[in-house]
2 protein chains.
Amino acid sequence: MQTHFTIDCVIYSFNEGKLQVLLTERNEYPYKDWWALPGFFVDKSEEMEGAVKRILYEHTGLKDIFMEQLGAFAGVKRHPQGRILTVAFSTIVKYEDVKSKIKPTTSYMRQARWFPIDALPELAFDHNQIIQQSLQKLKYTINYSTAVYEFLPEKFTLTQLQQVYEAILGKELDKRNFRKKIANDGFLKELQEVQKGVSYRAARLYKFDKRKFQKHIGVA
Amino acid sequence: MQTHFTIDCVIYSFNEGKLQVLLTERNEYPYKDWWALPGFFVDKSEEMEGAVKRILYEHTGLKDIFMEQLGAFAGVKRHPQGRILTVAFSTIVKYEDVKSKIKPTTSYMRQARWFPIDALPELAFDHNQIIQQSLQKLKYTINYSTAVYEFLPEKFTLTQLQQVYEAILGKELDKRNFRKKIANDGFLKELQEVQKGVSYRAARLYKFDKRKFQKHIGVA
DNA sequence: AATATAGTGTGTATTTTTTACACTATTAAA
DNA sequence: TTTAATAGTGTAAAAAATACACACTATATT
């Protein structure tokens with residue numbers, strides 16, 4: 001009648017032109033030595049949102065990050081010790097921002113590491129399936145969410161933005177049409193600033209303007 | 001560390017030009033005498049999908065119906081007895097098909113009844129919130145799912161189909177444009193048959209062709 | 001038999017959105 | 001100064017979405 005209840009986190013970033021997922025190496029049975037999504041048990045009387053924050057921090061070292069619910073996975077056979085219901089959440093972080101911060105603070109996990117989404121190992125439990133479902137949702141909502149901007153630094157070039165789109169959708173886009181669409185959406189702010197330190201023509205930098213985005217979407 | 005775990009069902013139908021939701025009147029504390037979504041506890045070692053089927057049957061009398069997951073709701077305060085995690089599911093049934101079958105077979109609920117979505121009572125727990133979230137998703141996915149056809153009998157008129165769209169979206173649509181869109185989609189089969197027993201020009205009947213729909217969507 | 005009723009069924013012009021496609025400009029390094 | 005690498009830009013064609021009004025037909029009523 002009662003069940004254990006866990007949270008699992010699908011954490012995305014963008015690096016080296018690829019969509020990456022953060023995985024942890026388990027140091028405990030079951031699935032000791034396997035790679036898995038960062039995740040753990042929720043405490044009694046702990047709000048789910050609070051548990052997500054805590055688990056994210058303990059398993060990856062990351063803090064102050066909003067996570068969105070994907071859904072519940074409750075197969076009786078998904079865990080060898082009998083049914084453990086997990087609620088999967090996902091989020092997106094900026095690779096450079098978190099680079100130095102990623103370090104599990106629990107001994108349940110040995111290490112945390114990024115894997116490109118197209119080269120994931122076989123994961124513990126049903127975690128491969130959770131990631132696939134999450135990716136589907138990301139693709140599906142890309143044009144109606146702020147997701148792509150969460151991968152990028154505050155100031156970014158249009159080419160970087162296009163690369164994020166391409167990494168998520170898994171296909172190439174036409175540069176001119178892409179820029180036309182972005183210009184038409186009209187929620188980027190063009191800065192009076194260009195890239196530095198590149199050995200070719202420097203690209204203009206842009207910022208995402210959340211206020212304009214919300215107007216565009218027709219905020220709830 | 002362990003929690004109770006329930007399923008709640010958002011069951012839609014279309015009747016009298018309106019989108020309807022099936023609710024049950026509780027016969028047990030807490031929230032005795034309140035209206036609520038059909039729902040109950042999942043047994044230990046019971047697959048979630050099986051529990052959904054069982055609970056749906058016990059609380060509404062309905063059988064053999066596929067339900068889609070909406071998500072987990074786990075607020076510590078959502079249930080007066082402490083956190084009870086619920087996973088919400090939704091489905092759509094044909095009003096006429098189920099009309100005579102709806103009857104709870106458990107004494108936990110006194111009766112089950114349809115309510116128009118725009119005239120719901122205040123519900124037990126966080127059930128109003130669950131319905132709102134579910135409705136959002138229904139609107140959002142209307143054009144990429146078979147949802148609308150699940151409201152209708154096997155053979156239906158274009159006007160009936162349009163009314164279902166209008167009930168879900170909560171706004172009126174232009175008849176000619178609607179028909180153009182449907183014709184263009186091309187996954188309805190036009191029958192050599194018309195409505196019977198109407199006191200005005202009889203409308204042509206159509207069937208939904210799932211195979212053509214899947215081609216159109218680009219089936220996974 | 002005439003008529004009222006109620007919903008069916010249809011087309012076109014306009015605007016908007018999407019797609020396809022290729023060259024010049026700028027910068028740093030060699 | 002040349003080369004290498006990426007930035008930045010426009011137009012035409014096709015497709016999709018929108019706005020809009022009237023004649024048709026089956027039945028019920030008188």
# chains A, B, ... in the order shown; residues from 1 in each chain; ligands from 1
call {"tool": "interface_residues", "arguments": {"of": "chain A", "to": "chain C", "cutoff": "8 Å", "atoms": "only C-alpha atoms (C1' of nucleotides)", "output": "VMD selection string"}}
result
chain A and resid 198 to 202
call {"tool": "select_by_dssp", "arguments": {"residues": "stretch 24-214 of chain A", "states": "strand (DSSP E or B)", "output": "ChimeraX atom specification"}}
result
/A:24-26,35-36,39-41,68-73,84-92,109-116,156,188-194,204-208
call {"tool": "atom_distance", "arguments": {"atom1": "atom CA of B:Ser134", "atom2": "atom CA of B:Lys171"}}
result
17.9 Å
call {"tool": "closest_residue", "arguments": {"among": "A:Leu19, A:Ala203, A:Ala74, A:Leu138", "to": "chain D", "atoms": "only C-alpha atoms (C1' of nucleotides)"}}
result
A:Ala203
call {"tool": "interface_residues", "arguments": {"of": "chain A", "to": "chain B", "cutoff": "7 Å", "atoms": "only C-alpha atoms", "output": "list of chain:residue names"}}
result
A:Met1, A:Gln2, A:Thr3, A:His4, A:Phe5, A:Val42, A:Asp43, A:Lys44, A:Ser45, A:Glu46, A:Glu47, A:Met48, A:Gly71, A:Ala72, A:Ala74, A:Gly75, A:Val76, A:Arg83, A:Val87
call {"tool": "closest_atom_pairs", "arguments": {"of": "chain D", "to": "chain B", "cutoff": "12 Å", "atoms": "only C-alpha atoms (C1' of nucleotides)", "output": "CSV"}}
result
residue,atom,partner,partner_atom,distance
D:DA15,C1',B:Asn184,CA,11.8
D:DA16,C1',B:Lys181,CA,9.6
D:DA17,C1',B:Asn177,CA,8.5
D:DT18,C1',B:Asn177,CA,7.9
D:DA19,C1',B:Asp174,CA,9.1
D:DC20,C1',B:Asp174,CA,9.6
D:DA21,C1',B:Arg176,CA,11.1
D:DC24,C1',B:Arg201,CA,8.6
D:DT25,C1',B:Arg201,CA,4.8
D:DA26,C1',B:Arg201,CA,4.2
D:DT27,C1',B:Ser199,CA,4.2
D:DA28,C1',B:Ser199,CA,7.1
D:DT29,C1',B:Ser199,CA,11.8
call {"tool": "write_last_selection", "arguments": {"atoms": "N, CA, C and O atoms (P, O5', C5', C4', C3', O3' and C1' of nucleotides)", "output": "mmCIF file, in the first residue's frame"}}
result
data_model
loop_
_atom_site.group_PDB
_atom_site.id
_atom_site.type_symbol
_atom_site.label_atom_id
_atom_site.label_comp_id
_atom_site.auth_asym_id
_atom_site.auth_seq_id
_atom_site.Cartn_x
_atom_site.Cartn_y
_atom_site.Cartn_z
ATOM 1 P P DA D 15 3.591 24.021 -53.142
ATOM 2 O "O5'" DA D 15 3.175 24.490 -51.686
ATOM 3 C "C5'" DA D 15 4.144 24.436 -50.636
ATOM 4 C "C4'" DA D 15 3.490 24.897 -49.354
ATOM 5 C "C3'" DA D 15 2.111 24.289 -49.105
ATOM 6 O "O3'" DA D 15 2.130 23.784 -47.783
ATOM 7 C "C1'" DA D 15 2.002 26.662 -48.964
ATOM 8 P P DA D 16 0.825 23.130 -47.113
ATOM 9 O "O5'" DA D 16 0.327 24.328 -46.188
ATOM 10 C "C5'" DA D 16 1.262 24.978 -45.318
ATOM 11 C "C4'" DA D 16 0.530 26.034 -44.520
ATOM 12 C "C3'" DA D 16 -0.828 25.592 -43.994
ATOM 13 O "O3'" DA D 16 -0.851 25.931 -42.623
ATOM 14 C "C1'" DA D 16 -1.046 27.600 -45.243
ATOM 15 P P DA D 17 -2.177 25.826 -41.730
ATOM 16 O "O5'" DA D 17 -2.715 27.329 -41.773
ATOM 17 C "C5'" DA D 17 -1.886 28.359 -41.256
ATOM 18 C "C4'" DA D 17 -2.683 29.657 -41.223
ATOM 19 C "C3'" DA D 17 -4.043 29.548 -40.547
ATOM 20 O "O3'" DA D 17 -4.142 30.665 -39.671
ATOM 21 C "C1'" DA D 17 -4.281 30.417 -42.748
ATOM 22 P P DT D 18 -5.465 30.897 -38.792
ATOM 23 O "O5'" DT D 18 -6.284 31.925 -39.683
ATOM 24 C "C5'" DT D 18 -5.855 33.281 -39.738
ATOM 25 C "C4'" DT D 18 -6.700 34.004 -40.746
ATOM 26 C "C3'" DT D 18 -8.164 34.157 -40.350
ATOM 27 O "O3'" DT D 18 -8.351 35.515 -40.022
ATOM 28 C "C1'" DT D 18 -7.879 33.671 -42.664
ATOM 29 P P DA D 19 -9.690 35.939 -39.153
ATOM 30 O "O5'" DA D 19 -10.556 36.674 -40.261
ATOM 31 C "C5'" DA D 19 -9.935 37.543 -41.207
ATOM 32 C "C4'" DA D 19 -10.928 37.793 -42.322
ATOM 33 C "C3'" DA D 19 -12.388 37.772 -41.879
ATOM 34 O "O3'" DA D 19 -13.002 38.962 -42.340
ATOM 35 C "C1'" DA D 19 -12.086 36.339 -43.735
ATOM 36 P P DC D 20 -14.475 39.353 -41.841
ATOM 37 O "O5'" DC D 20 -15.383 38.826 -43.051
ATOM 38 C "C5'" DC D 20 -15.112 39.259 -44.386
ATOM 39 C "C4'" DC D 20 -15.957 38.445 -45.326
ATOM 40 C "C3'" DC D 20 -17.357 38.093 -44.768
ATOM 41 O "O3'" DC D 20 -18.341 38.322 -45.750
ATOM 42 C "C1'" DC D 20 -16.320 36.204 -45.602
ATOM 43 P P DA D 21 -19.851 38.406 -45.348
ATOM 44 O "O5'" DA D 21 -20.561 38.510 -46.784
ATOM 45 C "C5'" DA D 21 -20.041 37.799 -47.890
ATOM 46 C "C4'" DA D 21 -21.114 36.884 -48.459
ATOM 47 C "C3'" DA D 21 -22.557 37.215 -48.090
ATOM 48 O "O3'" DA D 21 -23.326 37.177 -49.276
ATOM 49 C "C1'" DA D 21 -22.151 34.953 -47.648
ATOM 50 P P DC D 24 -29.748 26.848 -55.178
ATOM 51 O "O5'" DC D 24 -29.533 25.721 -54.070
ATOM 52 C "C5'" DC D 24 -28.325 24.952 -54.092
ATOM 53 C "C4'" DC D 24 -28.457 23.866 -53.040
ATOM 54 C "C3'" DC D 24 -29.725 23.013 -53.185
ATOM 55 O "O3'" DC D 24 -29.316 21.657 -53.092
ATOM 56 C "C1'" DC D 24 -29.537 23.863 -50.975
ATOM 57 P P DT D 25 -30.315 20.486 -53.605
ATOM 58 O "O5'" DT D 25 -30.891 19.985 -52.214
ATOM 59 C "C5'" DT D 25 -30.038 19.269 -51.315
ATOM 60 C "C4'" DT D 25 -30.814 19.011 -50.043
ATOM 61 C "C3'" DT D 25 -32.195 18.383 -50.257
ATOM 62 O "O3'" DT D 25 -32.339 17.360 -49.287
ATOM 63 C "C1'" DT D 25 -32.381 20.215 -48.857
ATOM 64 P P DA D 26 -32.634 15.849 -49.758
ATOM 65 O "O5'" DA D 26 -33.335 15.243 -48.476
ATOM 66 C "C5'" DA D 26 -32.614 15.183 -47.242
ATOM 67 C "C4'" DA D 26 -33.528 15.630 -46.130
ATOM 68 C "C3'" DA D 26 -34.900 14.969 -46.127
ATOM 69 O "O3'" DA D 26 -34.953 14.179 -44.963
ATOM 70 C "C1'" DA D 26 -35.051 17.319 -45.705
ATOM 71 P P DT D 27 -36.217 13.230 -44.663
ATOM 72 O "O5'" DT D 27 -37.128 14.203 -43.788
ATOM 73 C "C5'" DT D 27 -36.690 14.550 -42.479
ATOM 74 C "C4'" DT D 27 -37.534 15.699 -41.982
ATOM 75 C "C3'" DT D 27 -39.007 15.348 -41.768
ATOM 76 O "O3'" DT D 27 -39.155 15.126 -40.372
ATOM 77 C "C1'" DT D 27 -38.660 17.555 -42.626
ATOM 78 P P DA D 28 -40.559 14.931 -39.696
ATOM 79 O "O5'" DA D 28 -40.987 16.449 -39.476
ATOM 80 C "C5'" DA D 28 -40.294 17.257 -38.528
ATOM 81 C "C4'" DA D 28 -41.157 18.492 -38.286
ATOM 82 C "C3'" DA D 28 -42.594 18.178 -37.882
ATOM 83 O "O3'" DA D 28 -42.964 19.079 -36.844
ATOM 84 C "C1'" DA D 28 -42.591 19.439 -39.897
ATOM 85 P P DT D 29 -44.447 19.190 -36.373
ATOM 86 O "O5'" DT D 29 -44.976 20.424 -37.238
ATOM 87 C "C5'" DT D 29 -44.287 21.684 -37.162
ATOM 88 C "C4'" DT D 29 -45.132 22.730 -37.862
ATOM 89 C "C3'" DT D 29 -46.622 22.673 -37.480
ATOM 90 O "O3'" DT D 29 -47.077 23.993 -37.232
ATOM 91 C "C1'" DT D 29 -46.382 22.538 -39.822
#
call {"tool": "atom_distance", "arguments": {"atom1": "atom CA of B:Pro116", "atom2": "atom CA of B:Lys18"}}
result
6.2 Å
call {"tool": "atom_distance", "arguments": {"atom1": "atom CA of A:Ser90", "atom2": "atom CA of A:Lys63"}}
result
13.9 Å
call {"tool": "residues_around", "arguments": {"residues": "A:Lys137", "least_positions_apart": "2", "cutoff": "12 Å", "atoms": "only C-alpha atoms (C1' of nucleotides)", "output": "ChimeraX atom specification"}}
result
/A:10,68-71,89-91,130-135,139-145,147,168-169
call {"tool": "select_by_dssp", "arguments": {"residues": "stretch 10-190 of chain B", "states": "alpha helix (DSSP H)", "output": "JSON list (two decimals) with N, CA, C and O atoms, in the first residue's frame"}}
result
[["chain", "number", "residue", "atom", "x", "y", "z"],
["B", 48, "MET", "N", 1.15, 0.15, -12.27],
["B", 48, "MET", "CA", 0.37, 1.39, -12.30],
["B", 48, "MET", "C", -0.73, 1.32, -13.36],
["B", 48, "MET", "O", -1.86, 1.71, -13.09],
["B", 49, "GLU", "N", -0.39, 0.79, -14.54],
["B", 49, "GLU", "CA", -1.39, 0.71, -15.60],
["B", 49, "GLU", "C", -2.55, -0.19, -15.18],
["B", 49, "GLU", "O", -3.71, 0.08, -15.49],
["B", 50, "GLY", "N", -2.22, -1.27, -14.48],
["B", 50, "GLY", "CA", -3.27, -2.17, -13.99],
["B", 50, "GLY", "C", -4.12, -1.49, -12.93],
["B", 50, "GLY", "O", -5.35, -1.63, -12.92],
["B", 51, "ALA", "N", -3.47, -0.73, -12.08],
["B", 51, "ALA", "CA", -4.20, -0.02, -11.03],
["B", 51, "ALA", "C", -5.17, 0.99, -11.65],
["B", 51, "ALA", "O", -6.30, 1.15, -11.20],
["B", 52, "VAL", "N", -4.71, 1.65, -12.69],
["B", 52, "VAL", "CA", -5.55, 2.64, -13.36],
["B", 52, "VAL", "C", -6.83, 1.96, -13.86],
["B", 52, "VAL", "O", -7.94, 2.44, -13.66],
["B", 53, "LYS", "N", -6.65, 0.81, -14.50],
["B", 53, "LYS", "CA", -7.79, 0.06, -15.03],
["B", 53, "LYS", "C", -8.75, -0.35, -13.92],
["B", 53, "LYS", "O", -9.96, -0.19, -14.02],
["B", 54, "ARG", "N", -8.17, -0.90, -12.85],
["B", 54, "ARG", "CA", -8.97, -1.38, -11.74],
["B", 54, "ARG", "C", -9.75, -0.24, -11.08],
["B", 54, "ARG", "O", -10.97, -0.34, -10.87],
["B", 55, "ILE", "N", -9.04, 0.84, -10.81],
["B", 55, "ILE", "CA", -9.68, 1.95, -10.11],
["B", 55, "ILE", "C", -10.74, 2.58, -10.99],
["B", 55, "ILE", "O", -11.83, 2.92, -10.52],
["B", 56, "LEU", "N", -10.43, 2.70, -12.26],
["B", 56, "LEU", "CA", -11.42, 3.25, -13.18],
["B", 56, "LEU", "C", -12.69, 2.40, -13.12],
["B", 56, "LEU", "O", -13.80, 2.94, -13.01],
["B", 57, "TYR", "N", -12.51, 1.10, -13.14],
["B", 57, "TYR", "CA", -13.67, 0.21, -13.12],
["B", 57, "TYR", "C", -14.43, 0.32, -11.79],
["B", 57, "TYR", "O", -15.65, 0.48, -11.77],
["B", 58, "GLU", "N", -13.70, 0.26, -10.71],
["B", 58, "GLU", "CA", -14.36, 0.28, -9.39],
["B", 58, "GLU", "C", -15.13, 1.57, -9.14],
["B", 58, "GLU", "O", -16.16, 1.58, -8.50],
["B", 59, "HIS", "N", -14.59, 2.66, -9.68],
["B", 59, "HIS", "CA", -15.17, 3.95, -9.33],
["B", 59, "HIS", "C", -16.17, 4.47, -10.35],
["B", 59, "HIS", "O", -16.95, 5.36, -10.05],
["B", 60, "THR", "N", -16.10, 3.94, -11.55],
["B", 60, "THR", "CA", -17.02, 4.46, -12.57],
["B", 60, "THR", "C", -17.78, 3.36, -13.30],
["B", 60, "THR", "O", -18.75, 3.64, -13.99],
["B", 95, "TYR", "N", -19.87, 9.66, -24.88],
["B", 95, "TYR", "CA", -20.97, 9.81, -23.91],
["B", 95, "TYR", "C", -22.03, 8.74, -24.08],
["B", 95, "TYR", "O", -22.43, 8.10, -23.12],
["B", 96, "GLU", "N", -22.48, 8.53, -25.29],
["B", 96, "GLU", "CA", -23.58, 7.58, -25.52],
["B", 96, "GLU", "C", -23.16, 6.15, -25.19],
["B", 96, "GLU", "O", -23.95, 5.37, -24.66],
["B", 97, "ASP", "N", -21.90, 5.84, -25.49],
["B", 97, "ASP", "CA", -21.41, 4.48, -25.23],
["B", 97, "ASP", "C", -21.43, 4.13, -23.76],
["B", 97, "ASP", "O", -21.64, 2.97, -23.39],
["B", 98, "VAL", "N", -21.14, 5.09, -22.91],
["B", 98, "VAL", "CA", -20.94, 4.77, -21.50],
["B", 98, "VAL", "C", -22.12, 5.14, -20.63],
["B", 98, "VAL", "O", -22.17, 4.78, -19.45],
["B", 127, "HIS", "N", -8.02, 18.61, -6.76],
["B", 127, "HIS", "CA", -8.56, 18.08, -8.01],
["B", 127, "HIS", "C", -8.95, 19.15, -9.02],
["B", 127, "HIS", "O", -8.87, 18.90, -10.23],
["B", 128, "ASN", "N", -9.37, 20.32, -8.56],
["B", 128, "ASN", "CA", -9.64, 21.37, -9.54],
["B", 128, "ASN", "C", -8.37, 21.72, -10.31],
["B", 128, "ASN", "O", -8.40, 21.91, -11.53],
["B", 129, "GLN", "N", -7.29, 21.78, -9.60],
["B", 129, "GLN", "CA", -6.01, 22.12, -10.21],
["B", 129, "GLN", "C", -5.58, 21.04, -11.22],
["B", 129, "GLN", "O", -5.08, 21.34, -12.31],
["B", 130, "ILE", "N", -5.79, 19.80, -10.86],
["B", 130, "ILE", "CA", -5.44, 18.70, -11.76],
["B", 130, "ILE", "C", -6.24, 18.82, -13.06],
["B", 130, "ILE", "O", -5.69, 18.66, -14.16],
["B", 131, "ILE", "N", -7.51, 19.12, -12.93],
["B", 131, "ILE", "CA", -8.35, 19.24, -14.13],
["B", 131, "ILE", "C", -7.88, 20.40, -15.00],
["B", 131, "ILE", "O", -7.78, 20.27, -16.23],
["B", 132, "GLN", "N", -7.56, 21.51, -14.39],
["B", 132, "GLN", "CA", -7.10, 22.66, -15.19],
["B", 132, "GLN", "C", -5.84, 22.30, -15.97],
["B", 132, "GLN", "O", -5.72, 22.62, -17.15],
["B", 133, "GLN", "N", -4.94, 21.62, -15.31],
["B", 133, "GLN", "CA", -3.69, 21.26, -15.97],
["B", 133, "GLN", "C", -3.95, 20.28, -17.13],
["B", 133, "GLN", "O", -3.35, 20.38, -18.20],
["B", 134, "SER", "N", -4.86, 19.39, -16.89],
["B", 134, "SER", "CA", -5.21, 18.40, -17.91],
["B", 134, "SER", "C", -5.86, 19.06, -19.13],
["B", 134, "SER", "O", -5.57, 18.73, -20.27],
["B", 135, "LEU", "N", -6.72, 20.02, -18.85],
["B", 135, "LEU", "CA", -7.42, 20.71, -19.94],
["B", 135, "LEU", "C", -6.44, 21.50, -20.80],
["B", 135, "LEU", "O", -6.54, 21.53, -22.03],
["B", 136, "GLN", "N", -5.49, 22.12, -20.15],
["B", 136, "GLN", "CA", -4.44, 22.83, -20.87],
["B", 136, "GLN", "C", -3.76, 21.92, -21.88],
["B", 136, "GLN", "O", -3.54, 22.27, -23.02],
["B", 137, "LYS", "N", -3.42, 20.75, -21.40],
["B", 137, "LYS", "CA", -2.72, 19.80, -22.25],
["B", 137, "LYS", "C", -3.60, 19.35, -23.41],
["B", 137, "LYS", "O", -3.14, 19.21, -24.54],
["B", 138, "LEU", "N", -4.87, 19.15, -23.13],
["B", 138, "LEU", "CA", -5.81, 18.73, -24.17],
["B", 138, "LEU", "C", -5.89, 19.78, -25.28],
["B", 138, "LEU", "O", -5.80, 19.46, -26.47],
["B", 139, "LYS", "N", -6.01, 21.04, -24.90],
["B", 139, "LYS", "CA", -6.06, 22.12, -25.88],
["B", 139, "LYS", "C", -4.79, 22.16, -26.71],
["B", 139, "LYS", "O", -4.81, 22.34, -27.92],
["B", 140, "TYR", "N", -3.71, 22.01, -26.01],
["B", 140, "TYR", "CA", -2.41, 22.18, -26.60],
["B", 140, "TYR", "C", -2.12, 21.10, -27.64],
["B", 140, "TYR", "O", -1.46, 21.35, -28.64],
["B", 141, "THR", "N", -2.64, 19.91, -27.41],
["B", 141, "THR", "CA", -2.29, 18.80, -28.29],
["B", 141, "THR", "C", -3.40, 18.43, -29.26],
["B", 141, "THR", "O", -3.28, 17.44, -29.98],
["B", 147, "ALA", "N", -7.41, 12.72, -30.05],
["B", 147, "ALA", "CA", -8.34, 13.02, -28.97],
["B", 147, "ALA", "C", -9.76, 13.33, -29.44],
["B", 147, "ALA", "O", -10.72, 12.73, -28.96],
["B", 148, "VAL", "N", -9.90, 14.24, -30.39],
["B", 148, "VAL", "CA", -11.25, 14.66, -30.76],
["B", 148, "VAL", "C", -12.12, 13.51, -31.23],
["B", 148, "VAL", "O", -13.33, 13.48, -30.97],
["B", 149, "TYR", "N", -11.50, 12.53, -31.90],
["B", 149, "TYR", "CA", -12.29, 11.43, -32.45],
["B", 149, "TYR", "C", -12.76, 10.49, -31.36],
["B", 149, "TYR", "O", -13.74, 9.77, -31.55],
["B", 150, "GLU", "N", -12.08, 10.52, -30.23],
["B", 150, "GLU", "CA", -12.47, 9.65, -29.13],
["B", 150, "GLU", "C", -13.76, 10.12, -28.46],
["B", 150, "GLU", "O", -14.41, 9.38, -27.75],
["B", 158, "LEU", "N", -19.41, 16.34, -39.94],
["B", 158, "LEU", "CA", -18.37, 17.36, -39.77],
["B", 158, "LEU", "C", -18.79, 18.41, -38.74],
["B", 158, "LEU", "O", -17.95, 18.97, -38.03],
["B", 159, "THR", "N", -20.09, 18.66, -38.68],
["B", 159, "THR", "CA", -20.55, 19.63, -37.69],
["B", 159, "THR", "C", -20.31, 19.12, -36.27],
["B", 159, "THR", "O", -19.88, 19.88, -35.40],
["B", 160, "GLN", "N", -20.55, 17.83, -36.07],
["B", 160, "GLN", "CA", -20.27, 17.27, -34.74],
["B", 160, "GLN", "C", -18.79, 17.40, -34.40],
["B", 160, "GLN", "O", -18.42, 17.78, -33.28],
["B", 161, "LEU", "N", -17.96, 17.10, -35.38],
["B", 161, "LEU", "CA", -16.52, 17.20, -35.15],
["B", 161, "LEU", "C", -16.13, 18.64, -34.80],
["B", 161, "LEU", "O", -15.37, 18.89, -33.86],
["B", 162, "GLN", "N", -16.70, 19.56, -35.53],
["B", 162, "GLN", "CA", -16.40, 20.96, -35.25],
["B", 162, "GLN", "C", -16.85, 21.37, -33.86],
["B", 162, "GLN", "O", -16.15, 22.10, -33.14],
["B", 163, "GLN", "N", -17.99, 20.85, -33.43],
["B", 163, "GLN", "CA", -18.48, 21.19, -32.09],
["B", 163, "GLN", "C", -17.53, 20.68, -31.00],
["B", 163, "GLN", "O", -17.35, 21.33, -29.97],
["B", 164, "VAL", "N", -16.94, 19.51, -31.24],
["B", 164, "VAL", "CA", -15.98, 18.99, -30.26],
["B", 164, "VAL", "C", -14.75, 19.91, -30.19],
["B", 164, "VAL", "O", -14.31, 20.28, -29.10],
["B", 165, "TYR", "N", -14.25, 20.30, -31.36],
["B", 165, "TYR", "CA", -13.14, 21.25, -31.36],
["B", 165, "TYR", "C", -13.51, 22.51, -30.58],
["B", 165, "TYR", "O", -12.73, 23.00, -29.77],
["B", 166, "GLU", "N", -14.67, 23.02, -30.86],
["B", 166, "GLU", "CA", -15.08, 24.27, -30.22],
["B", 166, "GLU", "C", -15.22, 24.12, -28.71],
["B", 166, "GLU", "O", -14.86, 25.02, -27.95],
["B", 167, "ALA", "N", -15.74, 22.95, -28.30],
["B", 167, "ALA", "CA", -15.91, 22.74, -26.85],
["B", 167, "ALA", "C", -14.56, 22.67, -26.15],
["B", 167, "ALA", "O", -14.39, 23.17, -25.04],
["B", 168, "ILE", "N", -13.59, 22.05, -26.80],
["B", 168, "ILE", "CA", -12.27, 21.93, -26.17],
["B", 168, "ILE", "C", -11.55, 23.27, -26.16],
["B", 168, "ILE", "O", -10.99, 23.69, -25.16],
["B", 169, "LEU", "N", -11.56, 23.93, -27.30],
["B", 169, "LEU", "CA", -10.81, 25.18, -27.41],
["B", 169, "LEU", "C", -11.52, 26.35, -26.74],
["B", 169, "LEU", "O", -10.92, 27.38, -26.46],
["B", 175, "LYS", "N", -16.81, 27.71, -40.22],
["B", 175, "LYS", "CA", -17.20, 26.42, -40.79],
["B", 175, "LYS", "C", -16.41, 26.07, -42.06],
["B", 175, "LYS", "O", -15.91, 24.95, -42.21],
["B", 176, "ARG", "N", -16.29, 27.01, -42.97],
["B", 176, "ARG", "CA", -15.61, 26.68, -44.23],
["B", 176, "ARG", "C", -14.12, 26.41, -44.01],
["B", 176, "ARG", "O", -13.54, 25.48, -44.57],
["B", 177, "ASN", "N", -13.51, 27.24, -43.17],
["B", 177, "ASN", "CA", -12.08, 27.02, -42.92],
["B", 177, "ASN", "C", -11.85, 25.70, -42.19],
["B", 177, "ASN", "O", -10.89, 24.98, -42.46],
["B", 178, "PHE", "N", -12.75, 25.41, -41.28],
["B", 178, "PHE", "CA", -12.63, 24.16, -40.55],
["B", 178, "PHE", "C", -12.68, 22.98, -41.51],
["B", 178, "PHE", "O", -11.87, 22.05, -41.46],
["B", 179, "ARG", "N", -13.65, 23.02, -42.44],
["B", 179, "ARG", "CA", -13.79, 21.90, -43.38],
["B", 179, "ARG", "C", -12.60, 21.81, -44.33],
["B", 179, "ARG", "O", -12.19, 20.73, -44.74],
["B", 180, "LYS", "N", -12.06, 22.98, -44.66],
["B", 180, "LYS", "CA", -10.90, 22.99, -45.53],
["B", 180, "LYS", "C", -9.71, 22.29, -44.82],
["B", 180, "LYS", "O", -9.02, 21.46, -45.40],
["B", 181, "LYS", "N", -9.53, 22.64, -43.58],
["B", 181, "LYS", "CA", -8.44, 22.04, -42.80],
["B", 181, "LYS", "C", -8.60, 20.52, -42.69],
["B", 181, "LYS", "O", -7.67, 19.75, -42.91],
["B", 182, "ILE", "N", -9.82, 20.10, -42.41],
["B", 182, "ILE", "CA", -10.09, 18.67, -42.26],
["B", 182, "ILE", "C", -9.86, 17.95, -43.59],
["B", 182, "ILE", "O", -9.20, 16.91, -43.65],
["B", 183, "ALA", "N", -10.36, 18.56, -44.66],
["B", 183, "ALA", "CA", -10.19, 17.95, -45.98],
["B", 183, "ALA", "C", -8.70, 17.87, -46.32],
["B", 183, "ALA", "O", -8.21, 16.87, -46.86],
["B", 184, "ASN", "N", -8.00, 18.90, -45.97],
["B", 184, "ASN", "CA", -6.58, 18.98, -46.26],
["B", 184, "ASN", "C", -5.78, 17.95, -45.47],
["B", 184, "ASN", "O", -4.84, 17.34, -45.97],
["B", 185, "ASP", "N", -6.14, 17.76, -44.22],
["B", 185, "ASP", "CA", -5.49, 16.74, -43.39],
["B", 185, "ASP", "C", -5.66, 15.37, -44.07],
["B", 185, "ASP", "O", -4.72, 14.59, -44.15]]
call {"tool": "closest_residue", "arguments": {"among": "A:Ile92, A:Leu120, A:Ile65, A:Ala112", "to": "A:Leu22", "atoms": "only C-alpha atoms"}}
result
A:Ala112
